[in-house]
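To be precise, the following lines are model.pdb, and they hold PDB, C-alpha atoms.
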ATOM      1  CA  MET A 367     -91.861  70.437  67.724
ATOM      2  CA  GLU A 368     -93.027  71.664  64.287
ATOM      3  CA  LYS A 369     -89.612  73.216  63.626
ATOM      4  CA  ILE A 370     -87.871  69.919  64.467
ATOM      5  CA  LEU A 371     -90.211  68.005  62.140
ATOM      6  CA  LEU A 372     -89.522  70.441  59.310
ATOM      7  CA  GLU A 373     -85.758  70.160  59.858
ATOM      8  CA  LYS A 374     -85.956  66.364  59.710
ATOM      9  CA  ILE A 375     -88.026  66.448  56.513
ATOM     10  CA  LEU A 376     -85.545  68.859  54.903
ATOM     11  CA  ALA A 377     -82.770  66.459  55.920
ATOM     12  CA  GLY A 378     -84.528  63.816  53.806
ATOM     13  CA  SER A 379     -86.521  61.896  56.413
ATOM     14  CA  ASP A 380     -89.461  59.761  55.285
ATOM     15  CA  PHE A 381     -92.750  60.765  56.855
ATOM     16  CA  ILE A 382     -96.415  59.838  57.090
ATOM     17  CA  CYS A 383     -99.261  62.352  57.152
ATOM     18  CA  TYR A 384    -102.479  61.517  59.025
ATOM     19  CA  GLN A 385    -105.706  63.469  58.902
ATOM     20  CA  GLU A 386    -109.342  63.146  59.914
ATOM     21  CA  CYS A 387    -111.513  64.611  57.170
ATOM     22  CA  TYR A 388    -115.188  65.345  56.591
ATOM     23  CA  ASP A 389    -117.473  66.290  53.736
ATOM     24  CA  ASP A 390    -120.047  67.931  56.004
ATOM     25  CA  PRO A 391    -119.113  68.862  59.606
ATOM     26  CA  ASN A 392    -122.743  68.363  60.711
ATOM     27  CA  THR A 393    -122.965  64.841  59.280
ATOM     28  CA  PRO A 394    -121.087  62.235  61.351
ATOM     29  CA  ASP A 395    -121.221  59.666  58.532
ATOM     30  CA  SER A 396    -119.246  61.982  56.266
ATOM     31  CA  THR A 397    -116.151  61.744  58.478
ATOM     32  CA  TYR A 398    -113.263  59.531  57.391
ATOM     33  CA  LYS A 399    -109.602  59.093  58.295
ATOM     34  CA  GLU A 400    -106.628  58.727  55.967
ATOM     35  CA  TYR A 401    -102.865  58.261  55.890
ATOM     36  CA  TYR A 402    -100.453  59.409  53.198
ATOM     37  CA  TYR A 403     -97.278  57.330  53.090
ATOM     38  CA  ASN A 404     -93.920  58.654  51.875
ATOM     39  CA  PRO A 405     -94.507  61.343  49.193
ATOM     40  CA  ASP A 406     -93.049  61.180  45.699
ATOM     41  CA  CYS A 407     -91.066  64.400  46.229
ATOM     42  CA  ILE A 408     -91.006  67.598  48.260
ATOM     43  CA  ILE A 409     -90.324  71.217  47.308
ATOM     44  CA  TYR A 410     -89.220  73.790  49.864
ATOM     45  CA  TYR A 411     -89.357  77.559  49.312
ATOM     46  CA  PRO A 412     -86.797  79.139  51.694
ATOM     47  CA  ASP A 413     -88.008  82.684  50.953
ATOM     48  CA  ILE A 414     -91.437  82.001  52.467
ATOM     49  CA  LYS A 415     -90.365  79.041  54.631
ATOM     50  CA  GLU A 416     -93.042  76.830  53.071
ATOM     51  CA  LEU A 417     -92.830  73.163  52.099
ATOM     52  CA  PHE A 418     -95.023  71.228  49.694
ATOM     53  CA  TRP A 419     -95.127  67.478  49.262
ATOM     54  CA  PHE A 420     -96.620  65.526  46.387
ATOM     55  CA  ASP A 421     -98.578  62.375  45.625
ATOM     56  CA  LEU A 422     -98.332  61.879  41.851
ATOM     57  CA  ASP A 423     -99.644  58.352  41.265
ATOM     58  CA  HIS A 424    -103.182  58.433  42.646
ATOM     59  CA  ILE A 425    -106.147  57.000  40.709
ATOM     60  CA  SER A 426    -109.541  58.176  41.903
ATOM     61  CA  SER A 427    -111.835  55.834  43.818
ATOM     62  CA  HIS A 428    -115.262  56.460  45.351
ATOM     63  CA  PHE A 429    -117.353  55.419  48.337
ATOM     64  CA  ILE A 430    -120.189  53.173  47.158
ATOM     65  CA  ASN A 431    -123.796  53.361  48.441
ATOM     66  CA  ASN A 432    -122.863  54.095  52.047
ATOM     67  CA  LEU A 433    -121.098  50.742  52.333
ATOM     68  CA  ASN A 434    -117.958  52.447  53.653
ATOM     69  CA  ILE A 435    -115.891  50.774  50.945
ATOM     70  CA  ARG A 436    -114.089  52.398  48.057
ATOM     71  CA  ARG A 437    -114.157  51.146  44.480
ATOM     72  CA  PHE A 438    -112.991  52.199  41.054
ATOM     73  CA  VAL A 439    -116.003  53.326  39.025
ATOM     74  CA  LYS A 440    -116.065  53.193  35.237
ATOM     75  CA  GLY A 441    -116.621  56.640  33.773
ATOM     76  CA  MET A 442    -115.505  58.300  37.031
ATOM     77  CA  THR A 443    -111.891  57.137  37.080
ATOM     78  CA  PHE A 444    -109.063  59.598  36.507
ATOM     79  CA  ARG A 445    -105.562  60.357  37.730
ATOM     80  CA  ARG A 446    -105.189  63.035  40.379
ATOM     81  CA  LYS A 447    -101.958  64.724  41.444
ATOM     82  CA  PHE A 448    -101.825  66.139  44.973
ATOM     83  CA  ALA A 449     -99.744  69.044  46.266
ATOM     84  CA  ILE A 450    -100.107  69.556  50.022
ATOM     85  CA  SER A 451     -98.730  72.401  52.113
ATOM     86  CA  TYR A 452     -96.895  71.344  55.257
ATOM     87  CA  ILE A 453     -97.439  74.618  57.157
ATOM     88  CA  ASP A 454    -101.210  75.136  56.870
ATOM     89  CA  ASN A 455    -102.307  71.821  55.280
ATOM     90  CA  LYS A 456    -103.752  73.461  52.180
ATOM     91  CA  ILE A 457    -104.191  71.251  49.132
ATOM     92  CA  SER A 458    -103.983  71.754  45.384
ATOM     93  CA  THR A 459    -104.950  69.074  42.862
ATOM     94  CA  SER A 460    -104.441  68.537  39.160
ATOM     95  CA  ASP A 461    -106.664  66.021  37.369
ATOM     96  CA  TYR A 462    -105.720  64.016  34.269
ATOM     97  CA  ASN A 463    -107.293  61.397  32.060
ATOM     98  CA  ILE A 464    -106.362  57.797  32.839
ATOM     99  CA  ASN A 465    -103.606  57.836  30.189
ATOM    100  CA  GLU A 466    -102.143  60.917  31.907
ATOM    101  CA  ASN A 467    -101.633  62.971  28.728
ATOM    102  CA  ILE A 468    -104.592  65.377  28.992
ATOM    103  CA  TYR A 469    -105.503  67.379  32.089
ATOM    104  CA  PHE A 470    -109.040  68.378  33.043
ATOM    105  CA  LYS A 471    -108.389  71.064  35.621
ATOM    106  CA  LYS A 472    -105.742  72.524  37.897
ATOM    107  CA  ASN A 473    -107.069  73.694  41.246
ATOM    108  CA  LYS A 474    -105.607  76.482  43.352
ATOM    109  CA  LEU A 475    -104.474  75.910  46.927
ATOM    110  CA  LYS A 476    -107.376  75.679  49.357
ATOM    111  CA  LYS A 477    -107.949  74.714  52.972
ATOM    112  CA  GLN A 478    -108.782  71.055  53.513
ATOM    113  CA  LYS A 479    -111.896  69.935  55.348
ATOM    114  CA  ASN A 480    -110.366  68.197  58.333
ATOM    115  CA  LYS A 481    -110.648  68.130  62.071
ATOM    116  CA  GLU A 482    -107.057  67.106  62.697
ATOM    117  CA  TYR A 483    -103.807  66.444  60.870
ATOM    118  CA  LYS A 484    -100.353  65.448  62.056
ATOM    119  CA  TYR A 485     -97.031  64.109  60.806
ATOM    120  CA  PHE A 486     -94.968  61.108  61.863
ATOM    121  CA  ILE A 487     -91.275  60.939  61.029
ATOM    122  CA  GLN A 488     -90.149  57.530  59.793
ATOM    123  CA  ASN A 489     -86.710  56.636  58.394
ATOM    124  CA  GLU A 490     -84.082  59.348  58.808
ATOM    125  CA  PHE A 491     -81.404  60.154  56.227
ATOM    126  CA  GLU A 492     -77.954  61.726  56.278
ATOM    127  CA  ARG A 493     -75.829  63.425  53.653
ATOM    128  CA  VAL A 494     -73.104  61.242  52.203
ATOM    129  CA  VAL A 495     -71.584  63.723  49.786
ATOM    130  CA  LYS A 496     -72.310  67.032  48.070
ATOM    131  CA  ILE A 497     -71.549  66.936  44.357
ATOM    132  CA  GLU A 498     -69.744  70.164  43.432
ATOM    133  CA  LYS A 499     -67.707  71.402  40.476
ATOM    134  CA  THR A 500     -64.491  71.100  42.489
ATOM    135  CA  ASN A 501     -65.075  67.486  43.590
ATOM    136  CA  ASP A 502     -62.389  64.902  42.950
ATOM    137  CA  ILE A 503     -64.038  62.074  40.961
ATOM    138  CA  ASN A 504     -62.116  59.303  42.738
ATOM    139  CA  ALA A 505     -62.813  60.684  46.210
ATOM    140  CA  THR A 506     -66.499  61.075  45.336
ATOM    141  CA  PHE A 507     -66.626  57.488  44.101
ATOM    142  CA  ASN A 508     -65.160  56.175  47.353
ATOM    143  CA  GLN A 509     -67.613  58.156  49.476
ATOM    144  CA  ILE A 510     -70.659  56.942  47.565
ATOM    145  CA  ASN A 511     -69.407  53.411  47.024
ATOM    146  CA  GLU A 512     -69.111  52.759  50.766
ATOM    147  CA  LYS A 513     -72.877  53.301  51.147
ATOM    148  CA  TRP A 514     -73.648  51.739  47.763
ATOM    149  CA  GLN A 515     -72.198  48.439  48.944
ATOM    150  CA  GLN A 516     -74.592  48.475  51.912
ATOM    151  CA  GLY A 517     -77.633  48.593  49.587
ATOM    152  CA  LYS A 518     -79.357  51.406  51.456
ATOM    153  CA  LYS A 519     -82.194  53.631  50.231
ATOM    154  CA  MET A 520     -81.073  56.898  48.587
ATOM    155  CA  LYS A 521     -82.471  60.367  47.941
ATOM    156  CA  ILE A 522     -81.299  63.436  46.043
ATOM    157  CA  LYS A 523     -81.441  67.014  47.337
ATOM    158  CA  VAL A 524     -80.876  69.863  44.894
ATOM    159  CA  LYS A 525     -81.417  73.631  44.802
ATOM    160  CA  ILE A 526     -82.853  74.984  41.533
ATOM    161  CA  HIS A 527     -83.907  78.625  41.065
ATOM    162  CA  ASN A 528     -85.136  79.672  44.535
ATOM    163  CA  PHE A 529     -86.408  76.309  45.783
ATOM    164  CA  ILE A 530     -85.052  73.047  47.191
ATOM    165  CA  LEU A 531     -86.157  69.742  45.670
ATOM    166  CA  ILE A 532     -85.842  66.390  47.473
ATOM    167  CA  PHE A 533     -86.848  63.107  45.864
ATOM    168  CA  PRO A 534     -86.223  59.361  46.336
ATOM    169  CA  ILE A 535     -84.171  57.388  43.828
ATOM    170  CA  ARG A 536     -86.136  54.908  41.731
ATOM    171  CA  ILE A 537     -83.135  53.150  40.195
ATOM    172  CA  ALA A 538     -79.347  53.654  40.282
ATOM    173  CA  PHE A 539     -76.576  52.596  37.910
ATOM    174  CA  LEU A 540     -72.814  52.342  38.238
ATOM    175  CA  HIS A 541     -70.736  52.609  35.053
ATOM    176  CA  ASN A 542     -66.925  52.947  35.230
ATOM    177  CA  ASN A 543     -66.873  54.708  38.620
ATOM    178  CA  ILE A 544     -69.736  57.090  37.688
ATOM    179  CA  PHE A 545     -72.996  56.689  39.602
ATOM    180  CA  ASN A 546     -76.269  57.591  37.901
ATOM    181  CA  PHE A 547     -79.483  58.127  39.866
ATOM    182  CA  HIS A 548     -82.947  58.165  38.284
ATOM    183  CA  SER A 549     -86.074  59.631  39.864
ATOM    184  CA  LYS A 550     -89.664  58.479  39.729
ATOM    185  CA  MET A 551     -92.146  61.027  38.405
ATOM    186  CA  ILE A 552     -91.551  64.287  40.291
ATOM    187  CA  VAL A 553     -92.603  67.938  40.135
ATOM    188  CA  VAL A 554     -90.071  70.574  39.062
ATOM    189  CA  PRO A 555     -90.916  74.303  38.892
ATOM    190  CA  ASN A 556     -90.080  75.709  35.464
ATOM    191  CA  GLU A 557     -89.141  79.160  36.726
ATOM    192  CA  LYS A 558     -88.394  81.171  39.855
ATOM    193  CA  GLN A 559     -91.627  81.620  41.816
ATOM    194  CA  ASP A 560     -92.903  82.931  45.129
ATOM    195  CA  ASN A 561     -95.263  80.055  45.853
ATOM    196  CA  PHE A 562     -96.476  76.789  44.389
ATOM    197  CA  SER A 563     -98.828  76.683  41.402
ATOM    198  CA  TRP A 564     -99.520  73.807  38.996
ATOM    199  CA  THR A 565     -99.427  76.249  36.080
ATOM    200  CA  LYS A 566     -95.763  77.051  36.809
ATOM    201  CA  ASN A 567     -94.622  73.481  37.389
ATOM    202  CA  ASN A 568     -94.109  70.419  35.250
ATOM    203  CA  LEU A 569     -94.292  66.690  35.802
ATOM    204  CA  CYS A 570     -90.747  65.505  35.166
ATOM    205  CA  TYR A 571     -88.213  62.717  35.369
ATOM    206  CA  LEU A 572     -84.692  63.593  36.461
ATOM    207  CA  THR A 573     -81.419  61.690  36.311
ATOM    208  CA  VAL A 574     -78.267  62.984  37.995
ATOM    209  CA  SER A 575     -74.712  61.667  37.788
ATOM    210  CA  SER A 576     -71.898  61.721  40.326
ATOM    211  CA  ASN A 577     -69.804  63.875  37.958
ATOM    212  CA  GLY A 578     -72.341  66.700  38.376
ATOM    213  CA  GLU A 579     -74.322  66.278  35.164
ATOM    214  CA  TYR A 580     -78.086  66.019  34.968
ATOM    215  CA  SER A 581     -80.735  65.231  32.389
ATOM    216  CA  LEU A 582     -84.280  66.527  32.914
ATOM    217  CA  LEU A 583     -87.282  65.242  30.967
ATOM    218  CA  ARG A 584     -90.272  67.586  31.193
ATOM    219  CA  LEU A 585     -93.655  66.192  30.165
ATOM    220  CA  ASN A 586     -95.753  68.480  27.987
ATOM    221  CA  GLU A 587     -99.375  68.774  29.038
ATOM    222  CA  TYR A 588    -102.494  69.130  26.933
ATOM    223  CA  LYS A 589    -105.910  70.429  27.882
ATOM    224  CA  TYR A 590    -107.618  69.256  24.703
ATOM    225  CA  GLY A 591    -107.256  66.012  22.789
ATOM    226  CA  PHE A 592    -106.655  67.697  19.418
ATOM    227  CA  GLU A 593    -103.441  69.249  20.772
ATOM    228  CA  SER A 594    -101.741  65.842  20.744
ATOM    229  CA  ILE A 595    -103.319  64.582  17.509
ATOM    230  CA  PHE A 596    -100.079  65.004  15.516
ATOM    231  CA  MET A 597     -98.228  62.585  17.813
ATOM    232  CA  LYS A 598    -101.027  60.004  17.602
ATOM    233  CA  PHE A 599    -101.016  59.838  13.812
ATOM    234  CA  PHE A 600     -97.306  60.516  13.197
ATOM    235  CA  PRO A 601     -95.450  59.101  16.227
ATOM    236  CA  ARG A 602     -92.162  58.569  14.349
ATOM    237  CA  LEU A 603     -92.132  62.191  13.200
ATOM    238  CA  GLY A 604     -92.801  63.444  16.691
ATOM    239  CA  ASP A 605     -89.291  63.181  18.072
ATOM    240  CA  MET A 606     -88.849  66.903  18.508
ATOM    241  CA  ASN A 607     -85.585  66.408  20.350
ATOM    242  CA  LYS A 608     -83.878  65.050  17.232
ATOM    243  CA  ILE A 609     -85.390  67.845  15.166
ATOM    244  CA  SER A 610     -84.243  70.420  17.739
ATOM    245  CA  TYR A 611     -80.719  69.018  17.711
ATOM    246  CA  HIS A 612     -80.393  69.583  13.968
ATOM    247  CA  ILE A 613     -82.093  72.981  14.022
ATOM    248  CA  TYR A 614     -80.037  74.366  16.907
ATOM    249  CA  SER A 615     -76.684  72.922  15.854
ATOM    250  CA  LYS A 616     -74.299  75.271  14.033
ATOM    251  CA  SER A 617     -73.285  74.766  10.414
ATOM    252  CA  ASN A 618     -70.356  76.003   8.318
ATOM    253  CA  SER A 619     -72.851  77.272   5.748
ATOM    254  CA  LYS A 620     -74.227  80.778   6.357
ATOM    255  CA  LEU A 621     -77.245  79.964   4.224
ATOM    256  CA  LEU A 622     -77.985  76.819   6.253
ATOM    257  CA  ASN A 623     -77.629  78.755   9.508
ATOM    258  CA  PHE A 624     -80.085  81.348   8.180
ATOM    259  CA  ILE A 625     -82.573  78.592   7.293
ATOM    260  CA  LYS A 626     -82.171  77.044  10.742
ATOM    261  CA  SER A 627     -82.814  80.432  12.387
ATOM    262  CA  PHE A 628     -86.007  80.772  10.367
ATOM    263  CA  LEU A 629     -87.108  77.241  11.330
ATOM    264  CA  ARG A 630     -86.466  77.961  15.025
ATOM    265  CA  ILE A 631     -88.782  80.976  14.863
ATOM    266  CA  LEU A 632     -91.374  78.998  12.917
ATOM    267  CA  ILE A 633     -91.392  75.798  14.982
ATOM    268  CA  PHE A 634     -90.619  76.938  18.552
ATOM    269  CA  PRO A 635     -94.182  78.146  19.432
ATOM    270  CA  PHE A 636     -95.606  74.792  18.285
ATOM    271  CA  LYS A 637     -92.945  72.350  19.480
ATOM    272  CA  LYS A 638     -95.115  70.923  22.296
ATOM    273  CA  TYR A 639     -97.538  69.638  19.637
ATOM    274  CA  PHE A 640     -94.769  67.620  17.963
ATOM    275  CA  SER A 641     -93.487  65.865  21.063
ATOM    276  CA  SER A 642     -94.968  64.898  24.428
ATOM    277  CA  TYR A 643     -91.778  65.866  26.258
ATOM    278  CA  GLU A 644     -88.697  68.095  26.264
ATOM    279  CA  ILE A 645     -85.186  67.191  27.417
ATOM    280  CA  HIS A 646     -82.768  69.576  29.110
ATOM    281  CA  ASN A 647     -79.174  68.601  29.946
ATOM    282  CA  GLY A 648     -76.612  70.458  32.009
ATOM    283  CA  LYS A 649     -74.692  70.571  35.280
ATOM    284  CA  PHE A 650     -75.624  71.550  38.815
ATOM    285  CA  GLU A 651     -74.626  70.878  42.406
ATOM    286  CA  PHE A 652     -76.642  68.447  44.498
ATOM    287  CA  GLU A 653     -76.490  66.297  47.626
ATOM    288  CA  ILE A 654     -76.782  62.519  47.889
ATOM    289  CA  LEU A 655     -78.662  61.351  51.001
ATOM    290  CA  TYR A 656     -78.564  57.815  52.393
ATOM    291  CA  LEU A 657     -80.723  56.021  54.898
ATOM    292  CA  LYS A 658     -79.085  56.067  58.341
TER     293      LYS A 658
END

What does this structure look like when you write it as structure tokens?
Amino acid sequence: MEKILLEKILAGSDFICYQECYDDPNTPDSTYKEYYYNPDCIIYYPDIKELFWFDLDHISSHFINNLNIRRFVKGMTFRRKFAISYIDNKISTSDYNINENIYFKKNKLKKQKNKEYKYFIQNEFERVVKIEKTNDINATFNQINEKWQQGKKMKIKVKIHNFILIFPIRIAFLHNNIFNFHSKMIVVPNEKQDNFSWTKNNLCYLTVSSNGEYSLLRLNEYKYGFESIFMKFFPRLGDMNKISYHIYSKSNSKLLNFIKSFLRILIFPFKKYFSSYEIHNGKFEFEILYLK
């Protein structure tokens, strides 16, 4: 049964996770039940056959005075990102300030305190088309457009490095027979890795196009407030992407190229302090999934 569930999730199916948790196993009043509905994205590591799913928009709330109700509490409110392992139900969290630009701590994977957990498959998806370098643009348009006209929910499935990323589409555009699909906030590993770790992953936004191009926006993270002070006081000078474009572009002048090389060496280690994000553009193959 577990293998079938995993296959359905890797095919793009929506799912719900239920668990019965406790703070103290010897205290009945500490037990509570919870549901997680439709994660923001999932990452699958084929090498270790492990899947992680993410909740990236949670704001902390707290039980109040044994009233069995949860409230937001001033001074105790922060944003928490969840990464949960499908196989053994381990959890890893990353906590941020309410403005989401400074993180407090990144916790390693650990076993959750629960008596029971289980998954329920919801809406199932199917592949409409795989975007490859050899695709005919017109044929691709016709394949996608048939489902597009039906107004069904969409997801993207892509392999990067040694992992598979699946995420729902937040908004889609059609311009002159080219479809463009934008994600919500998702998690994208920044390098090849054996297992999940917050220190090797970034919060990102990704847009992919039906001609095979993508644009990835990685959010820079800061542990201390002073690290982002430059952007607060000089926001118009903080567009590092424009600066990078001019520094990395080639010139006909050897002297200017030499100066640019020097500036790259000088600025590169500090570029995250000039801009809160980085943009990477390129091409890759991916699959478009549609609700059945």

Any idea what the distance is between atom CA of A:Leu582 and atom CA of A:Lys476?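 Atom CA of A:Leu582 sits 29.8 Å away from atom CA of A:Lys476.
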
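Using all atoms listed in the file, the protein and nucleic acid residues lying no more than 12 Å from A:Asn465, apart from those fewer than 4 places from it along its own chain, are Asp423, Ile425, Thr443, Phe444, Arg445, Arg446, Asp461, Tyr469, Glu587, Tyr588 and Gly591 of chain A.
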
Pull out every residue that the PyMOL selection byres ((chain A and resi 451) around 12) matches in the shown coordinates and put them as a short mmCIF file (atom, residue, chain, number, x, y, z; two decimals) with C-alpha atoms, in the frame of the given file.
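Once written, out-v7.cif looks like this:
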data_model
loop_
_atom_site.label_atom_id
_atom_site.label_comp_id
_atom_site.auth_asym_id
_atom_site.auth_seq_id
_atom_site.Cartn_x
_atom_site.Cartn_y
_atom_site.Cartn_z
CA LEU A 372 -89.52 70.44 59.31
CA CYS A 383 -99.26 62.35 57.15
CA ILE A 408 -91.01 67.60 48.26
CA ILE A 409 -90.32 71.22 47.31
CA TYR A 410 -89.22 73.79 49.86
CA TYR A 411 -89.36 77.56 49.31
CA LYS A 415 -90.36 79.04 54.63
CA GLU A 416 -93.04 76.83 53.07
CA LEU A 417 -92.83 73.16 52.10
CA PHE A 418 -95.02 71.23 49.69
CA TRP A 419 -95.13 67.48 49.26
CA PHE A 420 -96.62 65.53 46.39
CA ASP A 421 -98.58 62.38 45.62
CA PHE A 448 -101.82 66.14 44.97
CA ALA A 449 -99.74 69.04 46.27
CA ILE A 450 -100.11 69.56 50.02
CA TYR A 452 -96.90 71.34 55.26
CA ILE A 453 -97.44 74.62 57.16
CA ASP A 454 -101.21 75.14 56.87
CA ASN A 455 -102.31 71.82 55.28
CA LYS A 456 -103.75 73.46 52.18
CA ILE A 457 -104.19 71.25 49.13
CA SER A 458 -103.98 71.75 45.38
CA THR A 459 -104.95 69.07 42.86
CA LYS A 474 -105.61 76.48 43.35
CA LEU A 475 -104.47 75.91 46.93
CA LYS A 476 -107.38 75.68 49.36
CA LYS A 477 -107.95 74.71 52.97
CA GLN A 478 -108.78 71.06 53.51
CA TYR A 483 -103.81 66.44 60.87
CA ASN A 561 -95.26 80.06 45.85
CA PHE A 562 -96.48 76.79 44.39
CA SER A 563 -98.83 76.68 41.40
#

For stretch 511-515 of chain A, find every residue with an atom within 9 Å (counting all atoms listed in the file), except residues of its own chain fewer than 3 positions away, and show them as number ranges by chain. A: 494, 506-508, 518, 543, 545, 656

Expand the PyMOL selection byres ((chain A and resi 533) around 9) into the explicit residue set it covers here, and present it as a list in words.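 Evaluating the PyMOL selection byres ((chain A and resi 533) around 9) on this file yields Gly378, Pro405, Asp406, Cys407, Ile408, Ile409, Met520, Lys521, Ile522, Lys523, Leu531, Ile532, Pro534, Ile535, Ser549, Lys550 and Ile552 of chain A.
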
Can you pull out the residues contacting A:Gly578? Cut-off 12 Å, using all atoms listed in the file, and skip same-chain residues under 3 positions away; I want them as JSON, numbers by chain. {"A": [495, 496, 497, 498, 499, 500, 501, 502, 503, 506, 524, 544, 545, 546, 547, 573, 574, 575, 581, 647, 648, 649, 650, 651, 652, 653, 654]}

By how many Å are atom CA of A:Ile370 and atom CA of A:Leu655 apart?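 Pair atom CA of A:Ile370 / atom CA of A:Leu655 returns 18.4 Å.
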
Write out as a PDB file with C-alpha atoms, keeping the file's coordinate frame which residues come within 9 Å of A:Leu585 when counting only C-alpha atoms, dropping same-chain ones fewer than 3 positions away.
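This went into part-v1.pdb:
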ATOM      1  CA  ASN A 467    -101.633  62.971  28.728  1.00  0.00           C
ATOM      2  CA  ASN A 568     -94.109  70.419  35.250  1.00  0.00           C
ATOM      3  CA  LEU A 569     -94.292  66.690  35.802  1.00  0.00           C
ATOM      4  CA  CYS A 570     -90.747  65.505  35.166  1.00  0.00           C
ATOM      5  CA  TYR A 571     -88.213  62.717  35.369  1.00  0.00           C
ATOM      6  CA  SER A 642     -94.968  64.898  24.428  1.00  0.00           C
ATOM      7  CA  TYR A 643     -91.778  65.866  26.258  1.00  0.00           C
ATOM      8  CA  GLU A 644     -88.697  68.095  26.264  1.00  0.00           C
ATOM      9  CA  ILE A 645     -85.186  67.191  27.417  1.00  0.00           C
TER      10      ILE A 645
END

Stretch 468-484 of chain A rebuilt with N, CA and C atoms, output as a short mmCIF file (atom, residue, chain, number, x, y, z; two decimals), in the frame of the given file:
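Written output follows (out_18.cif):
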data_model
loop_
_atom_site.label_atom_id
_atom_site.label_comp_id
_atom_site.auth_asym_id
_atom_site.auth_seq_id
_atom_site.Cartn_x
_atom_site.Cartn_y
_atom_site.Cartn_z
N ILE A 468 -103.71 64.22 29.10
CA ILE A 468 -104.59 65.38 28.99
C ILE A 468 -105.10 65.72 30.39
N TYR A 469 -105.01 66.99 30.77
CA TYR A 469 -105.50 67.38 32.09
C TYR A 469 -106.88 68.03 31.97
N PHE A 470 -107.69 67.82 33.01
CA PHE A 470 -109.04 68.38 33.04
C PHE A 470 -109.06 69.74 33.73
N LYS A 471 -108.39 69.81 34.87
CA LYS A 471 -108.39 71.06 35.62
C LYS A 471 -107.22 71.10 36.58
N LYS A 472 -106.80 72.30 36.92
CA LYS A 472 -105.74 72.52 37.90
C LYS A 472 -106.32 73.45 38.97
N ASN A 473 -106.43 72.93 40.18
CA ASN A 473 -107.07 73.69 41.25
C ASN A 473 -106.05 74.47 42.07
N LYS A 474 -106.46 75.65 42.51
CA LYS A 474 -105.61 76.48 43.35
C LYS A 474 -105.56 75.90 44.77
N LEU A 475 -104.58 76.35 45.54
CA LEU A 475 -104.47 75.91 46.93
C LEU A 475 -105.71 76.32 47.72
N LYS A 476 -106.22 75.38 48.51
CA LYS A 476 -107.38 75.68 49.36
C LYS A 476 -107.28 74.89 50.65
N LYS A 477 -107.96 75.37 51.67
CA LYS A 477 -107.95 74.71 52.97
C LYS A 477 -108.70 73.39 52.90
N GLN A 478 -108.12 72.35 53.49
CA GLN A 478 -108.78 71.06 53.51
C GLN A 478 -109.86 71.00 54.60
N LYS A 479 -110.85 70.14 54.36
CA LYS A 479 -111.90 69.94 55.35
C LYS A 479 -111.44 68.83 56.29
N ASN A 480 -110.80 69.21 57.38
CA ASN A 480 -110.37 68.20 58.33
C ASN A 480 -110.44 68.72 59.75
N LYS A 481 -110.60 67.79 60.66
CA LYS A 481 -110.65 68.13 62.07
C LYS A 481 -109.26 68.11 62.69
N GLU A 482 -108.39 67.30 62.11
CA GLU A 482 -107.06 67.11 62.70
C GLU A 482 -106.10 66.62 61.62
N TYR A 483 -104.85 67.03 61.72
CA TYR A 483 -103.81 66.44 60.87
C TYR A 483 -102.49 66.48 61.64
N LYS A 484 -101.64 65.50 61.38
CA LYS A 484 -100.35 65.45 62.06
C LYS A 484 -99.38 64.61 61.24
#
